[in-house]
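Have a look at entry_0.txt below; it lists compact mmCIF, C-alpha atoms and all ligand atoms.
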```txt
# COMPACT_ATOMS: atom_id res chain seq x y z
CA MET A 1 9.24 153.58 131.43
CA THR A 2 7.82 155.90 134.10
CA ALA A 3 9.90 158.52 135.89
CA ARG A 4 9.12 160.57 138.98
CA ARG A 5 10.62 162.17 142.04
CA VAL A 6 10.06 161.60 145.77
CA GLN A 7 11.99 162.69 148.85
CA VAL A 8 12.99 159.28 150.22
CA VAL A 9 12.96 155.77 148.74
CA ILE A 10 12.95 152.98 151.31
CA ILE A 11 14.02 149.56 150.05
CA GLY A 12 12.44 146.70 152.00
CA ALA A 13 9.13 146.38 153.88
CA GLY A 14 10.42 144.48 156.92
CA PRO A 15 10.13 146.01 160.37
CA ALA A 16 12.95 148.50 159.66
CA GLY A 17 11.52 149.83 156.38
CA LEU A 18 7.92 149.93 157.56
CA THR A 19 8.78 151.69 160.82
CA LEU A 20 10.96 154.23 159.04
CA GLY A 21 8.13 154.79 156.56
CA ARG A 22 5.70 155.35 159.39
CA LEU A 23 7.91 157.86 161.21
CA LEU A 24 8.61 159.82 158.02
CA GLU A 25 4.97 159.84 156.97
CA ARG A 26 3.93 161.22 160.38
CA ALA A 27 6.48 164.02 159.97
CA GLY A 28 5.27 164.91 156.47
CA VAL A 29 8.30 163.49 154.64
CA GLU A 30 7.27 161.68 151.47
CA ALA A 31 8.64 158.15 151.21
CA VAL A 32 7.90 155.25 148.88
CA ILE A 33 8.68 151.69 150.00
CA LEU A 34 9.83 149.16 147.39
CA GLU A 35 9.50 145.53 148.51
CA ARG A 36 10.56 142.55 146.44
CA ARG A 37 8.00 140.14 147.93
CA SER A 38 4.21 140.12 148.38
CA PRO A 39 2.62 141.20 151.70
CA ASP A 40 1.59 137.58 152.39
CA TYR A 41 5.12 136.35 151.85
CA VAL A 42 6.50 139.00 154.22
CA LEU A 43 3.92 138.06 156.86
CA GLY A 44 4.58 134.34 156.41
CA ARG A 45 8.16 134.55 157.65
CA ILE A 46 8.48 133.28 161.21
CA ARG A 47 10.74 135.52 163.24
CA ALA A 48 11.44 136.25 166.91
CA GLY A 49 9.08 138.03 169.22
CA VAL A 50 10.61 139.83 172.19
CA LEU A 51 10.29 143.62 172.25
CA GLU A 52 12.50 145.83 174.38
CA GLN A 53 10.73 148.64 176.19
CA GLY A 54 12.30 151.15 173.80
CA THR A 55 10.92 149.24 170.80
CA ALA A 56 7.46 149.13 172.37
CA ASP A 57 7.62 152.86 173.12
CA LEU A 58 8.71 153.61 169.55
CA LEU A 59 5.77 151.65 168.12
CA GLU A 60 3.37 153.29 170.50
CA GLY A 61 4.75 156.75 169.71
CA ALA A 62 4.25 156.00 166.02
CA GLY A 63 0.57 155.21 166.64
CA VAL A 64 0.89 151.47 165.98
CA GLY A 65 1.00 150.18 169.55
CA ASP A 66 -2.66 149.51 170.40
CA ARG A 67 -2.79 145.79 169.62
CA MET A 68 0.69 145.25 171.06
CA ARG A 69 -0.43 146.84 174.35
CA ALA A 70 -3.65 144.78 174.37
CA GLU A 71 -2.26 141.40 173.31
CA GLY A 72 1.47 141.55 174.10
CA LEU A 73 2.62 139.63 177.17
CA ILE A 74 4.67 141.58 179.72
CA HIS A 75 7.62 139.52 180.93
CA ASP A 76 9.41 140.70 184.06
CA GLY A 77 12.21 138.14 183.78
CA ILE A 78 13.69 135.06 182.11
CA GLU A 79 14.93 131.70 183.33
CA ILE A 80 18.46 130.55 182.60
CA GLY A 81 19.07 126.83 182.92
CA PHE A 82 22.43 125.09 183.14
CA ASP A 83 22.71 121.30 183.19
CA GLY A 84 19.32 120.95 184.84
CA GLU A 85 19.62 123.82 187.36
CA THR A 86 17.66 127.02 186.74
CA ARG A 87 18.02 130.62 187.87
CA ARG A 88 15.46 133.33 187.34
CA ILE A 89 16.75 136.73 186.27
CA ASP A 90 14.16 139.13 187.64
CA PHE A 91 14.40 142.25 185.43
CA ASP A 92 11.73 144.07 187.36
CA ALA A 93 13.29 143.53 190.81
CA LEU A 94 16.83 144.17 189.53
CA ILE A 95 16.32 147.28 187.40
CA GLY A 96 12.57 147.97 187.22
CA ARG A 97 12.26 147.05 183.55
CA HIS A 98 10.52 144.39 181.43
CA VAL A 99 10.15 143.13 177.87
CA ILE A 100 7.00 142.46 175.84
CA VAL A 101 6.43 139.18 174.02
CA TYR A 102 4.68 140.07 170.76
CA GLY A 103 5.63 138.41 167.47
CA GLN A 104 7.56 140.25 164.79
CA THR A 105 4.86 139.04 162.39
CA GLU A 106 2.27 140.94 164.42
CA VAL A 107 4.43 144.07 164.56
CA THR A 108 4.75 143.87 160.76
CA ARG A 109 1.01 143.32 160.32
CA ASP A 110 0.20 146.38 162.46
CA LEU A 111 2.68 148.55 160.53
CA MET A 112 1.32 147.35 157.16
CA ALA A 113 -2.27 148.08 158.24
CA ALA A 114 -1.37 151.58 159.42
CA ARG A 115 0.48 152.28 156.17
CA ALA A 116 -2.44 151.07 154.06
CA GLU A 117 -4.78 153.29 156.05
CA SER A 118 -2.56 156.35 155.68
CA GLY A 119 -2.46 155.96 151.90
CA ALA A 120 1.37 156.05 151.89
CA GLU A 121 2.70 154.12 148.90
CA THR A 122 4.27 150.67 149.09
CA VAL A 123 5.17 148.86 145.88
CA TYR A 124 5.10 145.13 146.61
CA GLU A 125 6.63 142.61 144.19
CA ALA A 126 9.01 145.27 142.92
CA ALA A 127 11.52 143.31 140.81
CA ASP A 128 15.14 144.06 139.89
CA VAL A 129 15.51 146.99 142.27
CA SER A 130 18.77 148.81 141.58
CA ILE A 131 20.30 151.97 143.00
CA ALA A 132 22.68 154.51 141.49
CA GLY A 133 24.11 157.97 142.06
CA PHE A 134 24.03 157.90 145.85
CA ASP A 135 27.37 159.70 145.81
CA THR A 136 25.45 162.69 144.37
CA VAL A 137 22.50 164.65 145.82
CA ARG A 138 20.12 163.05 143.29
CA PRO A 139 20.25 159.30 143.71
CA ILE A 140 18.15 157.13 141.41
CA VAL A 141 16.27 153.93 142.18
CA ARG A 142 15.07 151.70 139.33
CA TYR A 143 12.74 148.71 139.47
CA ARG A 144 10.24 146.73 137.41
CA LYS A 145 6.67 146.04 138.34
CA ASP A 146 4.43 143.77 136.24
CA GLY A 147 6.97 144.01 133.44
CA VAL A 148 7.03 147.84 133.36
CA ALA A 149 10.27 149.72 134.14
CA HIS A 150 10.13 152.55 136.68
CA GLU A 151 12.67 155.15 137.77
CA ILE A 152 12.51 157.29 140.91
CA THR A 153 14.82 160.20 141.59
CA CYS A 154 15.11 161.03 145.27
CA ASP A 155 17.09 162.87 147.96
CA PHE A 156 17.86 159.78 150.05
CA ILE A 157 17.78 156.01 149.84
CA ALA A 158 17.18 153.98 153.00
CA GLY A 159 18.53 150.45 152.58
CA CYS A 160 16.24 148.42 154.84
CA ASP A 161 16.40 145.34 152.64
CA GLY A 162 17.85 142.79 155.02
CA PHE A 163 21.06 140.79 154.91
CA HIS A 164 20.68 139.65 151.27
CA GLY A 165 19.40 142.97 149.92
CA VAL A 166 20.66 145.11 147.08
CA SER A 167 21.64 148.17 149.14
CA ARG A 168 24.77 146.98 150.93
CA ALA A 169 25.71 144.96 147.82
CA SER A 170 25.73 148.20 145.76
CA VAL A 171 28.38 149.89 147.89
CA PRO A 172 31.89 149.68 146.42
CA PRO A 173 33.77 147.06 148.49
CA SER A 174 36.58 149.53 149.16
CA ALA A 175 34.11 151.82 151.00
CA LEU A 176 32.85 149.07 153.28
CA ARG A 177 34.42 147.19 156.16
CA THR A 178 32.69 144.05 157.41
CA PHE A 179 33.14 142.02 160.58
CA GLU A 180 31.80 138.52 160.79
CA ARG A 181 31.63 135.42 162.93
CA ILE A 182 29.80 132.32 161.79
CA TYR A 183 28.94 129.81 164.50
CA PRO A 184 29.27 126.08 163.81
CA PHE A 185 25.61 125.42 164.66
CA GLY A 186 22.06 126.55 163.98
CA TRP A 187 18.71 126.61 165.76
CA LEU A 188 16.03 124.13 164.81
CA GLY A 189 12.74 125.86 165.65
CA VAL A 190 9.22 124.47 166.03
CA LEU A 191 5.97 126.39 166.28
CA VAL A 192 3.09 124.57 167.98
CA ASP A 193 -0.46 125.36 169.04
CA ARG A 194 -0.03 124.33 172.65
CA PRO A 195 0.28 126.53 175.75
CA PRO A 196 3.88 127.48 176.64
CA VAL A 197 5.59 125.18 179.13
CA ALA A 198 6.32 128.12 181.45
CA GLU A 199 5.12 131.70 181.85
CA GLU A 200 8.56 133.08 181.04
CA LEU A 201 11.22 132.22 178.46
CA ILE A 202 13.68 129.48 179.44
CA TYR A 203 17.19 129.61 177.93
CA ALA A 204 18.91 126.32 178.76
CA HIS A 205 22.49 125.10 178.42
CA HIS A 206 22.82 121.32 178.36
CA GLU A 207 25.72 119.06 177.40
CA ARG A 208 23.57 117.87 174.46
CA GLY A 209 23.26 121.50 173.32
CA PHE A 210 21.27 124.69 173.88
CA ALA A 211 17.46 124.76 174.11
CA LEU A 212 14.98 127.64 174.27
CA CYS A 213 11.34 127.62 175.36
CA SER A 214 9.56 130.68 173.99
CA MET A 215 6.03 131.62 172.98
CA ARG A 216 3.87 133.74 170.74
CA SER A 217 0.70 133.84 172.88
CA PRO A 218 -0.87 131.95 175.81
CA ARG A 219 -1.87 129.28 173.27
CA ARG A 220 1.04 129.17 170.84
CA SER A 221 4.60 128.15 171.74
CA ARG A 222 7.94 128.41 170.00
CA TYR A 223 10.75 126.01 170.91
CA TYR A 224 14.34 125.68 169.67
CA VAL A 225 17.23 123.25 169.98
CA GLN A 226 20.83 123.79 168.91
CA VAL A 227 21.78 121.53 165.96
CA PRO A 228 24.97 121.21 163.86
CA ALA A 229 25.18 123.82 161.07
CA GLU A 230 24.82 121.22 158.32
CA GLU A 231 21.70 119.60 159.80
CA LYS A 232 18.48 119.39 157.70
CA ALA A 233 15.02 120.06 159.19
CA ASP A 234 13.64 117.05 157.25
CA ALA A 235 15.75 114.78 159.42
CA TRP A 236 13.69 115.85 162.44
CA SER A 237 10.28 114.25 162.95
CA ASP A 238 8.12 115.97 165.57
CA ASP A 239 8.76 113.10 167.99
CA ARG A 240 12.50 113.36 167.58
CA PHE A 241 12.30 117.10 168.24
CA TRP A 242 10.21 116.74 171.41
CA ASP A 243 12.45 113.98 172.77
CA GLU A 244 15.55 116.09 172.20
CA LEU A 245 13.98 119.19 173.75
CA ARG A 246 12.85 117.23 176.84
CA ALA A 247 16.33 115.75 177.25
CA ARG A 248 17.82 119.26 177.44
CA LEU A 249 15.36 120.74 179.96
CA ASP A 250 15.31 120.30 183.73
CA PRO A 251 13.15 117.27 184.64
CA VAL A 252 10.29 119.29 186.17
CA THR A 253 9.92 121.45 183.05
CA ALA A 254 10.37 118.47 180.72
CA GLU A 255 7.51 116.72 182.48
CA LYS A 256 5.17 119.71 181.95
CA LEU A 257 5.91 120.18 178.24
CA ALA A 258 2.71 120.08 176.14
CA THR A 259 3.64 118.69 172.72
CA GLY A 260 1.63 118.50 169.51
CA PRO A 261 1.96 118.56 165.73
CA SER A 262 4.37 121.27 164.57
CA ILE A 263 2.89 124.02 162.40
CA GLU A 264 6.32 125.19 161.29
CA LYS A 265 9.77 123.65 161.53
CA SER A 266 12.96 125.22 160.18
CA ILE A 267 16.64 125.70 160.85
CA ALA A 268 18.26 129.13 161.17
CA PRO A 269 22.04 129.54 161.02
CA LEU A 270 23.76 131.65 163.69
CA ARG A 271 25.88 134.56 162.61
CA SER A 272 27.33 137.79 163.97
CA PHE A 273 27.91 140.42 161.28
CA VAL A 274 28.45 144.19 161.15
CA ALA A 275 29.07 146.44 158.14
CA GLU A 276 30.69 149.83 158.67
CA PRO A 277 29.87 152.62 158.07
CA LEU A 278 26.08 152.91 157.70
CA ARG A 279 26.14 155.92 155.40
CA PHE A 280 27.50 156.27 151.86
CA GLY A 281 26.65 159.73 150.60
CA ARG A 282 22.88 159.69 150.24
CA LEU A 283 22.46 155.97 151.04
CA PHE A 284 21.82 154.76 154.58
CA LEU A 285 21.74 151.18 155.84
CA ALA A 286 19.44 150.13 158.69
CA GLY A 287 18.46 146.81 160.26
CA ASP A 288 19.61 143.44 158.93
CA ALA A 289 21.04 145.16 155.84
CA ALA A 290 23.81 146.41 158.13
CA HIS A 291 24.10 143.82 160.87
CA ILE A 292 23.10 140.36 162.04
CA VAL A 293 23.11 139.02 165.57
CA PRO A 294 22.65 135.41 166.65
CA PRO A 295 19.11 135.06 168.06
CA THR A 296 20.24 134.35 171.64
CA GLY A 297 19.06 137.49 173.44
CA ALA A 298 16.44 138.43 170.83
CA LYS A 299 18.20 141.57 169.61
CA GLY A 300 17.60 141.41 165.82
CA LEU A 301 14.28 143.20 165.63
CA ASN A 302 15.13 145.57 168.47
CA LEU A 303 18.37 146.59 166.84
CA ALA A 304 16.59 147.29 163.55
CA MET A 305 14.13 149.47 165.44
CA ALA A 306 16.93 151.31 167.23
CA ASP A 307 18.59 152.14 163.89
CA VAL A 308 15.35 153.59 162.59
CA ARG A 309 14.81 155.51 165.82
CA ALA A 310 18.10 157.27 165.03
CA LEU A 311 17.68 157.58 161.25
CA ALA A 312 14.14 158.98 161.10
CA PRO A 313 14.81 162.14 163.17
CA ALA A 314 18.03 162.73 161.21
CA LEU A 315 16.13 162.76 157.90
CA ILE A 316 13.29 164.84 159.37
CA GLU A 317 15.82 167.37 160.67
CA PHE A 318 17.27 167.65 157.17
CA TYR A 319 13.88 168.65 155.75
CA ASP A 320 12.67 170.77 158.68
CA ASP A 321 15.88 172.66 159.51
CA ARG A 322 18.00 172.15 156.37
CA SER A 323 20.61 170.71 158.75
CA GLU A 324 22.87 167.77 157.95
CA ALA A 325 24.02 167.36 161.55
CA GLY A 326 21.67 164.43 162.17
CA ILE A 327 22.51 162.52 159.00
CA ASP A 328 26.22 163.14 159.61
CA ALA A 329 25.95 161.66 163.11
CA TYR A 330 23.73 158.66 162.24
CA SER A 331 26.36 156.07 161.41
CA ALA A 332 28.55 156.57 164.48
CA LYS A 333 25.58 156.87 166.80
CA ALA A 334 23.88 153.71 165.54
CA LEU A 335 27.13 151.69 165.40
CA SER A 336 27.92 152.40 169.04
CA ARG A 337 24.65 150.77 170.06
CA ILE A 338 24.95 148.00 167.44
CA TRP A 339 28.30 146.85 168.79
CA LYS A 340 26.94 146.68 172.33
CA ALA A 341 24.08 144.48 171.14
CA GLU A 342 26.56 142.38 169.12
CA ARG A 343 28.62 141.91 172.26
CA PHE A 344 25.62 140.89 174.34
CA SER A 345 24.27 138.45 171.72
CA TRP A 346 27.74 136.91 171.32
CA TRP A 347 28.10 136.63 175.12
CA MET A 348 24.73 134.95 175.61
CA THR A 349 25.46 132.62 172.69
CA SER A 350 28.87 131.77 174.18
CA LEU A 351 27.43 131.01 177.62
CA LEU A 352 24.57 128.80 176.49
CA HIS A 353 25.70 126.73 173.48
CA VAL A 354 27.92 123.72 173.22
CA PHE A 355 31.01 124.64 171.19
CA PRO A 356 32.51 121.42 169.86
CA GLU A 357 35.96 122.97 169.47
CA THR A 358 36.47 124.38 172.98
CA GLY A 359 36.34 121.05 174.83
CA ASP A 360 36.33 120.55 178.56
CA PHE A 361 38.12 123.83 179.28
CA GLY A 362 35.36 125.75 177.52
CA ARG A 363 32.69 123.87 179.46
CA ARG A 364 34.29 124.70 182.80
CA ILE A 365 34.48 128.36 181.82
CA GLN A 366 30.77 128.30 180.92
CA ARG A 367 29.97 126.66 184.26
CA ALA A 368 31.98 129.35 186.08
CA GLU A 369 30.12 132.05 184.14
CA PHE A 370 26.77 130.51 185.16
CA ASP A 371 27.85 130.24 188.82
CA TYR A 372 29.03 133.85 188.76
CA LEU A 373 25.71 134.96 187.25
CA SER A 374 23.85 132.95 189.89
CA GLY A 375 25.67 134.56 192.79
CA SER A 376 26.29 138.12 191.66
CA ARG A 377 23.66 140.83 191.60
CA ALA A 378 26.00 142.94 189.47
CA ALA A 379 26.17 140.17 186.85
CA GLN A 380 22.40 139.76 186.90
CA GLU A 381 21.88 143.52 186.56
CA SER A 382 24.18 143.54 183.57
CA LEU A 383 22.18 140.78 181.89
CA ALA A 384 18.89 142.51 182.77
CA GLU A 385 20.11 145.87 181.43
CA ASN A 386 21.24 144.38 178.14
CA TYR A 387 18.26 142.05 177.65
CA THR A 388 15.64 144.73 178.28
CA GLY A 389 17.58 147.12 176.04
CA LEU A 390 20.37 149.65 176.40
CA PRO A 391 19.47 153.30 175.83
N1 LIG B 401 14.47 144.72 146.68
C1 LIG B 401 13.39 145.00 147.44
N2 LIG B 401 13.19 144.45 148.66
C2 LIG B 401 14.11 143.60 149.13
C3 LIG B 401 15.27 143.28 148.38
C4 LIG B 401 15.43 143.89 147.11
N3 LIG B 401 16.50 143.63 146.35
N4 LIG B 401 16.01 142.42 149.10
C5 LIG B 401 15.34 142.19 150.24
N5 LIG B 401 14.19 142.89 150.27
C6 LIG B 401 13.17 142.91 151.33
C7 LIG B 401 12.89 141.55 151.92
O1 LIG B 401 11.94 140.82 151.14
C8 LIG B 401 12.35 141.91 153.29
O2 LIG B 401 10.94 142.05 153.30
O3 LIG B 401 13.66 143.67 152.42
C9 LIG B 401 12.99 143.25 153.61
C10 LIG B 401 13.97 143.17 154.74
O4 LIG B 401 13.28 142.82 155.93
P1 LIG B 401 13.93 141.98 157.13
O5 LIG B 401 14.77 140.90 156.59
O6 LIG B 401 12.82 141.64 158.05
O7 LIG B 401 14.95 143.02 157.81
P2 LIG B 401 14.72 144.27 158.78
O8 LIG B 401 13.53 145.06 158.39
O9 LIG B 401 16.05 144.90 158.89
O10 LIG B 401 14.30 143.62 160.15
C11 LIG B 401 15.20 143.00 160.98
O11 LIG B 401 14.14 140.91 160.82
O12 LIG B 401 15.50 139.21 160.05
C12 LIG B 401 14.85 139.72 161.12
O13 LIG B 401 16.13 139.05 162.97
C13 LIG B 401 15.85 140.09 162.12
O14 LIG B 401 14.26 140.66 163.63
C14 LIG B 401 15.19 141.21 162.75
C15 LIG B 401 14.47 141.94 161.72
C1 LIG B 402 11.40 133.45 169.69
O1 LIG B 402 10.36 133.45 170.39
O2 LIG B 402 11.36 133.11 168.51
C2 LIG B 402 12.67 133.87 170.32
C3 LIG B 402 12.66 134.35 171.62
C4 LIG B 402 13.85 134.73 172.23
C5 LIG B 402 15.03 134.61 171.53
C6 LIG B 402 15.04 134.15 170.22
C7 LIG B 402 13.86 133.78 169.62
O3 LIG B 402 16.20 134.96 172.14
```
Take the structure in this file and express it as structure tokens.
Ligand code: APR
Ligand code: PHB
Amino acid sequence: MTARRVQVVIIGAGPAGLTLGRLLERAGVEAVILERRSPDYVLGRIRAGVLEQGTADLLEGAGVGDRMRAEGLIHDGIEIGFDGETRRIDFDALIGRHVIVYGQTEVTRDLMAARAESGAETVYEAADVSIAGFDTVRPIVRYRKDGVAHEITCDFIAGCDGFHGVSRASVPPSALRTFERIYPFGWLGVLVDRPPVAEELIYAHHERGFALCSMRSPRRSRYYVQVPAEEKADAWSDDRFWDELRARLDPVTAEKLATGPSIEKSIAPLRSFVAEPLRFGRLFLAGDAAHIVPPTGAKGLNLAMADVRALAPALIEFYDDRSEAGIDAYSAKALSRIWKAERFSWWMTSLLHVFPETGDFGRRIQRAEFDYLSGSRAAQESLAENYTGLP
């Protein structure tokens, strides 16, 4: 067995862990990242791709924004469709803000490249990661790599290991309160090498179910349709998918859709989840380890980044000023923003999906919500403010 000591151990090399690692490294705080998977596996996961301005600024400030600025697509608005009618929500005209379409995979790739260049240590394929002693000032993280056992003593553990990670699971249940809503449907997503059907994202409500037209680049598109939770991706041929998507879009858009062979097809369940608090002694949770939002509104990655934007300065302050004020404030500060993003993601999900259990009353309420949004600048500003990112 090997034993050593570092200041911070970060568990998980997703966007949260890698960004935290980057911010700490730039401030001279020594952090090791332990990741269960290989770099290729991490980069092979298909995730969303809409960056709030605050996320883009954070990446740029961390010196990993060059490719995002060069290749990311600036979107000044989105389209919302309802039973064949569409309304554009013009973020720029309403509040002078925008979002950037740049895949989470690309963000991760840029962060990994910067970390490799800096020489900061990441242990990939770290097996059996376990944590102990985070109720003391000397927590311990153990793992195995290539059959050899390793032990790291540290000051802090950052649990950035996603929803199924070991960090939240290691907290005694009595210390944790969780809030959850599982939706009775999922999103069937298809990635295709064809130009996007429109320049902006289209979120569409239709009586057959929700549909989303998104993109990764001017040549690669990402489309989704709402399907029942128990549905299997195998049951969907490409043709069946394209027919269903067309049926849910307004006729003009449906006509323009460029289809082709899918290069990825999978179903993601929809869930809202929050764990409170985010700090247990010397263990902090950030990103999907602490919360999940349904993808409507594209908040998952942005919320993970916002956590890290709060956690990094708190840890740096501890080392620079010997002050615990920042780490004491982290949980409450991050949770206040998390709940606002949870509310917005739930609201957008509620407006746009078909909920089998709410019946005709629910559909009339959704219609009224869409009509209100169409006619009210205040309602549009609220959507724009939330979509482009709250402070
Ligand atoms: N030991 C080590 N690493 C682990 C363990 C473990 N026991 N469990 C999970 N991991 C790793 C995963 O392999 C993954 O690479 O932790 C990482 C967590 O990364 P993400 O799931 O991407 O979570 P996060 O960094 O919080 O990013 C949130 O990702 O899931 C999307 O929609 C979400 O966009 C959001 C973003
Ligand atoms: C995506 O491009 O994958 C995407 C975009 C916007 C969302 C969700 C997913 O709200």
d(atom CA of A:Pro261, atom CA of A:Asp193) in Å: 7.9 Å
Set the cut-off to 8 Å, count only C-alpha atoms and all ligand atoms, and list whatever residues fall near ligand LIG 401 (chain B) as a PDB file with C-alpha atoms, in the coordinates of the input.
```pdb
ATOM      1  CA  ILE A  11      14.020 149.560 150.050  1.00  0.00           C
ATOM      2  CA  GLY A  12      12.440 146.700 152.000  1.00  0.00           C
ATOM      3  CA  ALA A  13       9.130 146.380 153.880  1.00  0.00           C
ATOM      4  CA  GLY A  14      10.420 144.480 156.920  1.00  0.00           C
ATOM      5  CA  PRO A  15      10.130 146.010 160.370  1.00  0.00           C
ATOM      6  CA  ALA A  16      12.950 148.500 159.660  1.00  0.00           C
ATOM      7  CA  GLY A  17      11.520 149.830 156.380  1.00  0.00           C
ATOM      8  CA  LEU A  18       7.920 149.930 157.560  1.00  0.00           C
ATOM      9  CA  LEU A  34       9.830 149.160 147.390  1.00  0.00           C
ATOM     10  CA  GLU A  35       9.500 145.530 148.510  1.00  0.00           C
ATOM     11  CA  ARG A  36      10.560 142.550 146.440  1.00  0.00           C
ATOM     12  CA  ARG A  37       8.000 140.140 147.930  1.00  0.00           C
ATOM     13  CA  VAL A  42       6.500 139.000 154.220  1.00  0.00           C
ATOM     14  CA  ARG A  47      10.740 135.520 163.240  1.00  0.00           C
ATOM     15  CA  ALA A  48      11.440 136.250 166.910  1.00  0.00           C
ATOM     16  CA  GLN A 104       7.560 140.250 164.790  1.00  0.00           C
ATOM     17  CA  GLU A 125       6.630 142.610 144.190  1.00  0.00           C
ATOM     18  CA  ALA A 126       9.010 145.270 142.920  1.00  0.00           C
ATOM     19  CA  ALA A 127      11.520 143.310 140.810  1.00  0.00           C
ATOM     20  CA  ASP A 128      15.140 144.060 139.890  1.00  0.00           C
ATOM     21  CA  VAL A 129      15.510 146.990 142.270  1.00  0.00           C
ATOM     22  CA  SER A 130      18.770 148.810 141.580  1.00  0.00           C
ATOM     23  CA  CYS A 160      16.240 148.420 154.840  1.00  0.00           C
ATOM     24  CA  ASP A 161      16.400 145.340 152.640  1.00  0.00           C
ATOM     25  CA  GLY A 162      17.850 142.790 155.020  1.00  0.00           C
ATOM     26  CA  PHE A 163      21.060 140.790 154.910  1.00  0.00           C
ATOM     27  CA  HIS A 164      20.680 139.650 151.270  1.00  0.00           C
ATOM     28  CA  GLY A 165      19.400 142.970 149.920  1.00  0.00           C
ATOM     29  CA  VAL A 166      20.660 145.110 147.080  1.00  0.00           C
ATOM     30  CA  SER A 167      21.640 148.170 149.140  1.00  0.00           C
ATOM     31  CA  ALA A 286      19.440 150.130 158.690  1.00  0.00           C
ATOM     32  CA  GLY A 287      18.460 146.810 160.260  1.00  0.00           C
ATOM     33  CA  ASP A 288      19.610 143.440 158.930  1.00  0.00           C
ATOM     34  CA  ALA A 289      21.040 145.160 155.840  1.00  0.00           C
ATOM     35  CA  ALA A 290      23.810 146.410 158.130  1.00  0.00           C
ATOM     36  CA  ILE A 292      23.100 140.360 162.040  1.00  0.00           C
ATOM     37  CA  VAL A 293      23.110 139.020 165.570  1.00  0.00           C
ATOM     38  CA  PRO A 295      19.110 135.060 168.060  1.00  0.00           C
ATOM     39  CA  ALA A 298      16.440 138.430 170.830  1.00  0.00           C
ATOM     40  CA  LYS A 299      18.200 141.570 169.610  1.00  0.00           C
ATOM     41  CA  GLY A 300      17.600 141.410 165.820  1.00  0.00           C
ATOM     42  CA  LEU A 301      14.280 143.200 165.630  1.00  0.00           C
ATOM     43  CA  ASN A 302      15.130 145.570 168.470  1.00  0.00           C
ATOM     44  CA  LEU A 303      18.370 146.590 166.840  1.00  0.00           C
ATOM     45  CA  ALA A 304      16.590 147.290 163.550  1.00  0.00           C
ATOM     46  CA  MET A 305      14.130 149.470 165.440  1.00  0.00           C
TER      47      MET A 305
END
```
Find the residues around A:Phe210 up to 6 Å (only C-alpha atoms counted), leave out those fewer than 6 positions away in its own chain, and share them as an NGL selection string. :A and (204 or 225-226 or 352-353)
List the neighbours of stretch 20-33 of chain A out to 9 Å using only C-alpha atoms; skip same-chain residues closer than 4 positions along the sequence, and give me the result as a ChimeraX atom specification. /A:6-13,15-16,62-63,111,114-115,118,120-124,158,160,305,308-309,311-313,315-316,319
Write out as a ChimeraX atom specification each polymer residue (protein, DNA or RNA) that has an atom no more than 8 Å from ligand LIG 402 (chain B), with only C-alpha atoms and all ligand atoms counted. /A:46-50,101,103,189,201,203,212-216,221-223,295-299
Could you write out the selected residues, including C-alpha atoms, as a PDB file, keeping the file's coordinate frame?
```pdb
ATOM      1  CA  ILE A  46       8.480 133.280 161.210  1.00  0.00           C
ATOM      2  CA  ARG A  47      10.740 135.520 163.240  1.00  0.00           C
ATOM      3  CA  ALA A  48      11.440 136.250 166.910  1.00  0.00           C
ATOM      4  CA  GLY A  49       9.080 138.030 169.220  1.00  0.00           C
ATOM      5  CA  VAL A  50      10.610 139.830 172.190  1.00  0.00           C
ATOM      6  CA  VAL A 101       6.430 139.180 174.020  1.00  0.00           C
ATOM      7  CA  GLY A 103       5.630 138.410 167.470  1.00  0.00           C
ATOM      8  CA  GLY A 189      12.740 125.860 165.650  1.00  0.00           C
ATOM      9  CA  LEU A 201      11.220 132.220 178.460  1.00  0.00           C
ATOM     10  CA  TYR A 203      17.190 129.610 177.930  1.00  0.00           C
ATOM     11  CA  LEU A 212      14.980 127.640 174.270  1.00  0.00           C
ATOM     12  CA  CYS A 213      11.340 127.620 175.360  1.00  0.00           C
ATOM     13  CA  SER A 214       9.560 130.680 173.990  1.00  0.00           C
ATOM     14  CA  MET A 215       6.030 131.620 172.980  1.00  0.00           C
ATOM     15  CA  ARG A 216       3.870 133.740 170.740  1.00  0.00           C
ATOM     16  CA  SER A 221       4.600 128.150 171.740  1.00  0.00           C
ATOM     17  CA  ARG A 222       7.940 128.410 170.000  1.00  0.00           C
ATOM     18  CA  TYR A 223      10.750 126.010 170.910  1.00  0.00           C
ATOM     19  CA  PRO A 295      19.110 135.060 168.060  1.00  0.00           C
ATOM     20  CA  THR A 296      20.240 134.350 171.640  1.00  0.00           C
ATOM     21  CA  GLY A 297      19.060 137.490 173.440  1.00  0.00           C
ATOM     22  CA  ALA A 298      16.440 138.430 170.830  1.00  0.00           C
ATOM     23  CA  LYS A 299      18.200 141.570 169.610  1.00  0.00           C
TER      24      LYS A 299
END
```
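One distance worth recording is that between atom CA of A:Ile202 and atom CA of A:Ile80, which is 5.8 Å.
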Under the rule that all atoms listed in the file are counted, which of A:Tyr224, A:Trp236, A:Phe134, A:Tyr387 is the nearest residue to A:Glu342? A:Tyr387
Tell me which residues come within 12 Å of (25.7, 156.4, 144.7), as a PyMOL selection string, counting all atoms listed in the file in the file's coordinates. chain A and resi 130-141+153-157+167-172+175+279-284
Could the centre and edge lengths of an axis-aligned box, enclosing all atoms of stretch 235-248 of chain A in the file with 8 Å extra on each side, be given in Å to one decimal as lines of an AutoDock Vina configuration file?
```
center_x = 13.0
center_y = 116.2
center_z = 168.4
size_x = 25.7
size_y = 22.2
size_z = 34.0
```
